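Comments concern the structure below.
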Amino acid sequence: MSDEQSKNERHKKAMEKQKAKVDARIEAADTERGVAILLTGNGKGKSSSAFGMVMRALGYDHKVGVVQFIKGEQLSGEELYVKKHCPQVELYQMGTGFTWNTQDRSGDIREAENTWAVARRMLADDSLDLVVLDELTYMIAYKYLDEEKVLQAIADRPREQSVVVTGRGGGSALQDLVDTVSEVKDIKHAFKSGIKARKGVDY
Ligand code: ATP
Ligand code: MG
């Protein structure tokens, strides 16, 4: 057998083994229900990943709700797109910016509560397949929203509904509650070497 042939043979054996393992895991996953996902960490890619899931869901004509707990200075491309082209997505944005812009704690809390009312309604709506709660973690971290009531509403959502929470931090209780936690790690970011935030990439 040539070197190349034996390499191919070894590769085939390893792949067979791998396939058996994956097949067994697929077989073992027999629960069918919506999942709760937390996308956290200091790196770039949390909200854009959540909007990737919005696209996925729309591919199956699922109904989607998106609530954004922090309003940027301008709308992001995905928000513009959803508003323009996705009538089946209910998008709600908190009316104001956030602490370092507004510097009005009690006003921010009022806005957080108003926004939470929309989120809570979505989390109780079994016609929604996917609910995105973008930047929700900050509302918990700043104690603008009561953590327990937020976690309860996520836990009590309809069985088939999936929910995606984004934002840095999030706390251990939220991590314990959800099914999937991914941390986006900041290894480097263009902004730190002086590159301006870019349309269509950063917003
Ligand atoms: P994105 O919306 O691009 O997926 P994100 O949701 O992970 O980013 P946020 O903390 O919500 O991150 O911040 C959004 C904006 O901040 C984007 O313009 C993003 O490029 C920028 N950003 C994210 N992480 C960093 C970082 N570590 N350093 C500098 N800028 C960052
Ligand atoms: Mg974000």
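We label chains A, B, ... in the order they appear in the structure tokens, count residues from 1 in each chain, and number ligands from 1 in the order shown.
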All strand (DSSP E or B) positions in stretch 9-61 of chain A, as a list of chain:residue names: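 Everything in stretch 9-61 of chain A that counts as strand (DSSP E or B) is A:Ala36, A:Ile37, A:Leu38, A:Leu39, A:Thr40.
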Writer output for current selection, N, CA and C atoms, as a PDB file, in the first residue's frame:
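What landed in selection10.pdb:
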ATOM      1  N   ALA A  36     -33.415  27.941  24.903  1.00  0.00           N
ATOM      2  CA  ALA A  36     -33.011  29.285  25.345  1.00  0.00           C
ATOM      3  C   ALA A  36     -31.506  29.383  25.187  1.00  0.00           C
ATOM      4  N   ILE A  37     -31.081  30.461  24.545  1.00  0.00           N
ATOM      5  CA  ILE A  37     -29.666  30.631  24.209  1.00  0.00           C
ATOM      6  C   ILE A  37     -29.168  31.963  24.750  1.00  0.00           C
ATOM      7  N   LEU A  38     -28.003  31.952  25.356  1.00  0.00           N
ATOM      8  CA  LEU A  38     -27.353  33.198  25.785  1.00  0.00           C
ATOM      9  C   LEU A  38     -26.075  33.374  24.972  1.00  0.00           C
ATOM     10  N   LEU A  39     -25.987  34.516  24.295  1.00  0.00           N
ATOM     11  CA  LEU A  39     -24.772  34.857  23.545  1.00  0.00           C
ATOM     12  C   LEU A  39     -24.093  35.992  24.296  1.00  0.00           C
ATOM     13  N   THR A  40     -22.969  35.683  24.893  1.00  0.00           N
ATOM     14  CA  THR A  40     -22.342  36.668  25.775  1.00  0.00           C
ATOM     15  C   THR A  40     -20.856  36.818  25.452  1.00  0.00           C
TER      16      THR A  40
END
Identify, counting only C-alpha atoms and all ligand atoms, the protein, DNA and RNA residues located within 8 Å of ligand 2, and give them as a PDB file with all heavy atoms, in the first residue's frame.
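The new file pocket_17.pdb reads:
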ATOM      1  N   LYS A  44     -16.834  40.744  19.438  1.00  0.00           N
ATOM      2  CA  LYS A  44     -17.867  41.131  18.477  1.00  0.00           C
ATOM      3  C   LYS A  44     -18.559  39.896  17.905  1.00  0.00           C
ATOM      4  O   LYS A  44     -17.891  38.946  17.502  1.00  0.00           O
ATOM      5  CB  LYS A  44     -17.234  41.914  17.326  1.00  0.00           C
ATOM      6  CG  LYS A  44     -18.171  42.095  16.152  1.00  0.00           C
ATOM      7  CD  LYS A  44     -17.559  42.910  15.050  1.00  0.00           C
ATOM      8  CE  LYS A  44     -18.292  42.713  13.736  1.00  0.00           C
ATOM      9  NZ  LYS A  44     -19.739  42.903  13.826  1.00  0.00           N
ATOM     10  N   GLY A  45     -19.871  39.932  17.815  1.00  0.00           N
ATOM     11  CA  GLY A  45     -20.564  38.829  17.147  1.00  0.00           C
ATOM     12  C   GLY A  45     -21.816  38.324  17.831  1.00  0.00           C
ATOM     13  O   GLY A  45     -22.409  37.341  17.378  1.00  0.00           O
ATOM     14  N   LYS A  46     -22.257  38.985  18.897  1.00  0.00           N
ATOM     15  CA  LYS A  46     -23.424  38.479  19.629  1.00  0.00           C
ATOM     16  C   LYS A  46     -24.733  38.834  18.921  1.00  0.00           C
ATOM     17  O   LYS A  46     -25.508  37.959  18.548  1.00  0.00           O
ATOM     18  CB  LYS A  46     -23.412  39.032  21.069  1.00  0.00           C
ATOM     19  CG  LYS A  46     -22.148  38.638  21.830  1.00  0.00           C
ATOM     20  CD  LYS A  46     -22.029  39.303  23.173  1.00  0.00           C
ATOM     21  CE  LYS A  46     -21.754  40.784  23.130  1.00  0.00           C
ATOM     22  NZ  LYS A  46     -20.420  41.138  22.601  1.00  0.00           N
ATOM     23  N   SER A  47     -24.946  40.149  18.729  1.00  0.00           N
ATOM     24  CA  SER A  47     -26.207  40.557  18.106  1.00  0.00           C
ATOM     25  C   SER A  47     -26.290  40.066  16.664  1.00  0.00           C
ATOM     26  O   SER A  47     -27.353  39.625  16.202  1.00  0.00           O
ATOM     27  CB  SER A  47     -26.362  42.074  18.146  1.00  0.00           C
ATOM     28  OG  SER A  47     -26.396  42.520  19.482  1.00  0.00           O
ATOM     29  N   SER A  48     -25.165  40.143  15.962  1.00  0.00           N
ATOM     30  CA  SER A  48     -25.212  39.702  14.559  1.00  0.00           C
ATOM     31  C   SER A  48     -25.502  38.202  14.475  1.00  0.00           C
ATOM     32  O   SER A  48     -26.177  37.744  13.553  1.00  0.00           O
ATOM     33  CB  SER A  48     -23.933  40.088  13.815  1.00  0.00           C
ATOM     34  OG  SER A  48     -22.797  39.842  14.581  1.00  0.00           O
ATOM     35  N   ASP A 134     -32.313  41.373  22.618  1.00  0.00           N
ATOM     36  CA  ASP A 134     -30.975  41.889  22.335  1.00  0.00           C
ATOM     37  C   ASP A 134     -30.537  42.857  23.436  1.00  0.00           C
ATOM     38  O   ASP A 134     -31.264  43.799  23.756  1.00  0.00           O
ATOM     39  CB  ASP A 134     -31.033  42.593  20.967  1.00  0.00           C
ATOM     40  CG  ASP A 134     -29.672  42.854  20.380  1.00  0.00           C
ATOM     41  OD1 ASP A 134     -28.727  42.080  20.652  1.00  0.00           O
ATOM     42  OD2 ASP A 134     -29.537  43.841  19.630  1.00  0.00           O
ATOM     43  N   GLU A 135     -29.364  42.623  23.976  1.00  0.00           N
ATOM     44  CA  GLU A 135     -28.755  43.466  25.032  1.00  0.00           C
ATOM     45  C   GLU A 135     -29.551  43.449  26.339  1.00  0.00           C
ATOM     46  O   GLU A 135     -29.456  44.375  27.144  1.00  0.00           O
ATOM     47  CB  GLU A 135     -28.566  44.934  24.567  1.00  0.00           C
ATOM     48  CG  GLU A 135     -28.155  45.148  23.118  1.00  0.00           C
ATOM     49  CD  GLU A 135     -26.782  44.602  22.766  1.00  0.00           C
ATOM     50  OE1 GLU A 135     -26.041  44.197  23.679  1.00  0.00           O
ATOM     51  OE2 GLU A 135     -26.448  44.575  21.558  1.00  0.00           O
ATOM     52  N   THR A 166     -28.894  38.359  24.210  1.00  0.00           N
ATOM     53  CA  THR A 166     -27.513  38.764  23.953  1.00  0.00           C
ATOM     54  C   THR A 166     -27.075  39.822  24.958  1.00  0.00           C
ATOM     55  O   THR A 166     -27.905  40.475  25.594  1.00  0.00           O
ATOM     56  CB  THR A 166     -27.316  39.362  22.534  1.00  0.00           C
ATOM     57  OG1 THR A 166     -27.717  40.735  22.548  1.00  0.00           O
ATOM     58  CG2 THR A 166     -28.080  38.615  21.473  1.00  0.00           C
ATOM     59  N   GLY A 167     -25.777  39.981  25.045  1.00  0.00           N
ATOM     60  CA  GLY A 167     -25.194  41.022  25.893  1.00  0.00           C
ATOM     61  C   GLY A 167     -24.073  40.482  26.758  1.00  0.00           C
ATOM     62  O   GLY A 167     -24.040  39.292  27.062  1.00  0.00           O
TER      63      GLY A 167
END
Write out as a list in words which residues come within 10 Å of A:Gly171 when counting only C-alpha atoms, dropping same-chain ones fewer than 4 positions away. Thr137, Ile140, Ala141, Glu147, Gln175 and Asp176 of chain A
Could you please extract the residues within 10 Å of ligand 1, counting only C-alpha atoms and all ligand atoms, and hand them back as a ChimeraX atom specification? /A:39-52,70,72,76-78,134-135,166-168,183-193,195-203
When you look at stretch 120-130 of chain A with a cut-off of 6 Å (counting only C-alpha atoms), what residues show up, excluding the ones that are within fewer than 3 positions of it in the same chain? I need them as a ChimeraX atom specification. /A:62-64,116-117,157-158,161-163
Residues as selected, all heavy atoms, written as a compact mmCIF listing (two decimals), in the first residue's frame, can you do that?
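The new file part10.txt reads:
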# COMPACT_ATOMS: atom_id res chain seq x y z
N HIS A 62 -41.07 30.99 9.99
CA HIS A 62 -41.40 31.09 11.41
C HIS A 62 -41.74 32.54 11.76
O HIS A 62 -41.31 33.47 11.07
CB HIS A 62 -40.23 30.62 12.28
CG HIS A 62 -40.06 29.14 12.26
ND1 HIS A 62 -39.06 28.50 12.94
CD2 HIS A 62 -40.77 28.16 11.65
CE1 HIS A 62 -39.16 27.20 12.75
NE2 HIS A 62 -40.18 26.96 11.97
N LYS A 63 -42.47 32.69 12.85
CA LYS A 63 -42.77 34.04 13.32
C LYS A 63 -41.75 34.45 14.37
O LYS A 63 -41.39 33.66 15.25
CB LYS A 63 -44.19 34.09 13.92
CG LYS A 63 -45.23 34.54 12.91
CD LYS A 63 -46.57 34.80 13.57
CE LYS A 63 -46.58 36.12 14.33
NZ LYS A 63 -47.81 36.26 15.16
N VAL A 64 -41.29 35.68 14.25
CA VAL A 64 -40.17 36.12 15.08
C VAL A 64 -40.50 37.44 15.76
O VAL A 64 -41.10 38.33 15.16
CB VAL A 64 -38.91 36.31 14.19
CG1 VAL A 64 -37.74 36.82 15.02
CG2 VAL A 64 -38.54 35.00 13.49
N TRP A 116 -39.63 45.98 28.62
CA TRP A 116 -39.84 44.65 29.19
C TRP A 116 -41.29 44.19 29.01
O TRP A 116 -41.55 43.00 28.75
CB TRP A 116 -39.45 44.61 30.68
CG TRP A 116 -39.85 43.33 31.31
CD1 TRP A 116 -40.79 43.14 32.27
CD2 TRP A 116 -39.35 42.02 30.97
NE1 TRP A 116 -40.92 41.80 32.55
CE2 TRP A 116 -40.05 41.10 31.77
CE3 TRP A 116 -38.40 41.55 30.06
CZ2 TRP A 116 -39.82 39.73 31.69
CZ3 TRP A 116 -38.17 40.17 29.98
CH2 TRP A 116 -38.87 39.28 30.79
N ALA A 117 -42.23 45.11 29.09
CA ALA A 117 -43.64 44.75 28.92
C ALA A 117 -43.86 44.12 27.54
O ALA A 117 -44.62 43.16 27.39
CB ALA A 117 -44.53 45.98 29.10
N ARG A 157 -42.05 30.46 29.18
CA ARG A 157 -42.47 30.70 27.79
C ARG A 157 -43.05 29.42 27.19
O ARG A 157 -42.82 28.32 27.71
CB ARG A 157 -41.27 31.20 26.97
CG ARG A 157 -40.28 30.14 26.62
CD ARG A 157 -39.00 30.68 26.05
NE ARG A 157 -38.18 29.59 25.54
CZ ARG A 157 -37.46 28.79 26.29
NH1 ARG A 157 -37.45 28.92 27.59
NH2 ARG A 157 -36.77 27.80 25.73
N PRO A 158 -43.77 29.55 26.06
CA PRO A 158 -44.35 28.36 25.43
C PRO A 158 -43.27 27.33 25.08
O PRO A 158 -42.15 27.70 24.71
CB PRO A 158 -44.99 28.92 24.15
CG PRO A 158 -45.22 30.36 24.43
CD PRO A 158 -44.14 30.79 25.35
N GLN A 161 -41.31 27.61 21.83
CA GLN A 161 -40.66 28.89 21.52
C GLN A 161 -39.17 28.88 21.92
O GLN A 161 -38.83 28.44 23.01
CB GLN A 161 -41.37 30.01 22.28
CG GLN A 161 -40.88 31.40 21.93
CD GLN A 161 -41.54 32.46 22.80
OE1 GLN A 161 -41.11 32.73 23.92
NE2 GLN A 161 -42.60 33.05 22.30
N SER A 162 -38.33 29.39 21.02
CA SER A 162 -36.92 29.56 21.36
C SER A 162 -36.66 31.03 21.66
O SER A 162 -37.33 31.91 21.13
CB SER A 162 -36.02 29.10 20.21
OG SER A 162 -36.12 27.70 20.05
N VAL A 163 -35.68 31.26 22.53
CA VAL A 163 -35.36 32.64 22.90
C VAL A 163 -33.85 32.82 22.88
O VAL A 163 -33.10 31.94 23.28
CB VAL A 163 -36.00 33.01 24.26
CG1 VAL A 163 -35.54 32.09 25.37
CG2 VAL A 163 -35.70 34.44 24.64
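Between A:Glu90 and the residues A:Ala119, A:Gln103, A:Ala112, A:Thr180, the shortest atom-to-atom distance, using only C-alpha atoms, involves A:Ala119.
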Write down as a ChimeraX atom specification the residues of stretch 49-176 of chain A whose backbone DSSP state falls under alpha helix (DSSP H). /A:49-59,77-85,99-102,105-123,136-141,147-155,171-176
Smallest atom-to-atom distance to A:Tyr92: which of A:Val67, A:Ala14, A:Ala20, A:Val150, using only C-alpha atoms?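 Going through A:Val67, A:Ala14, A:Ala20, A:Val150 one by one, the smallest distance to A:Tyr92 is for A:Val67.
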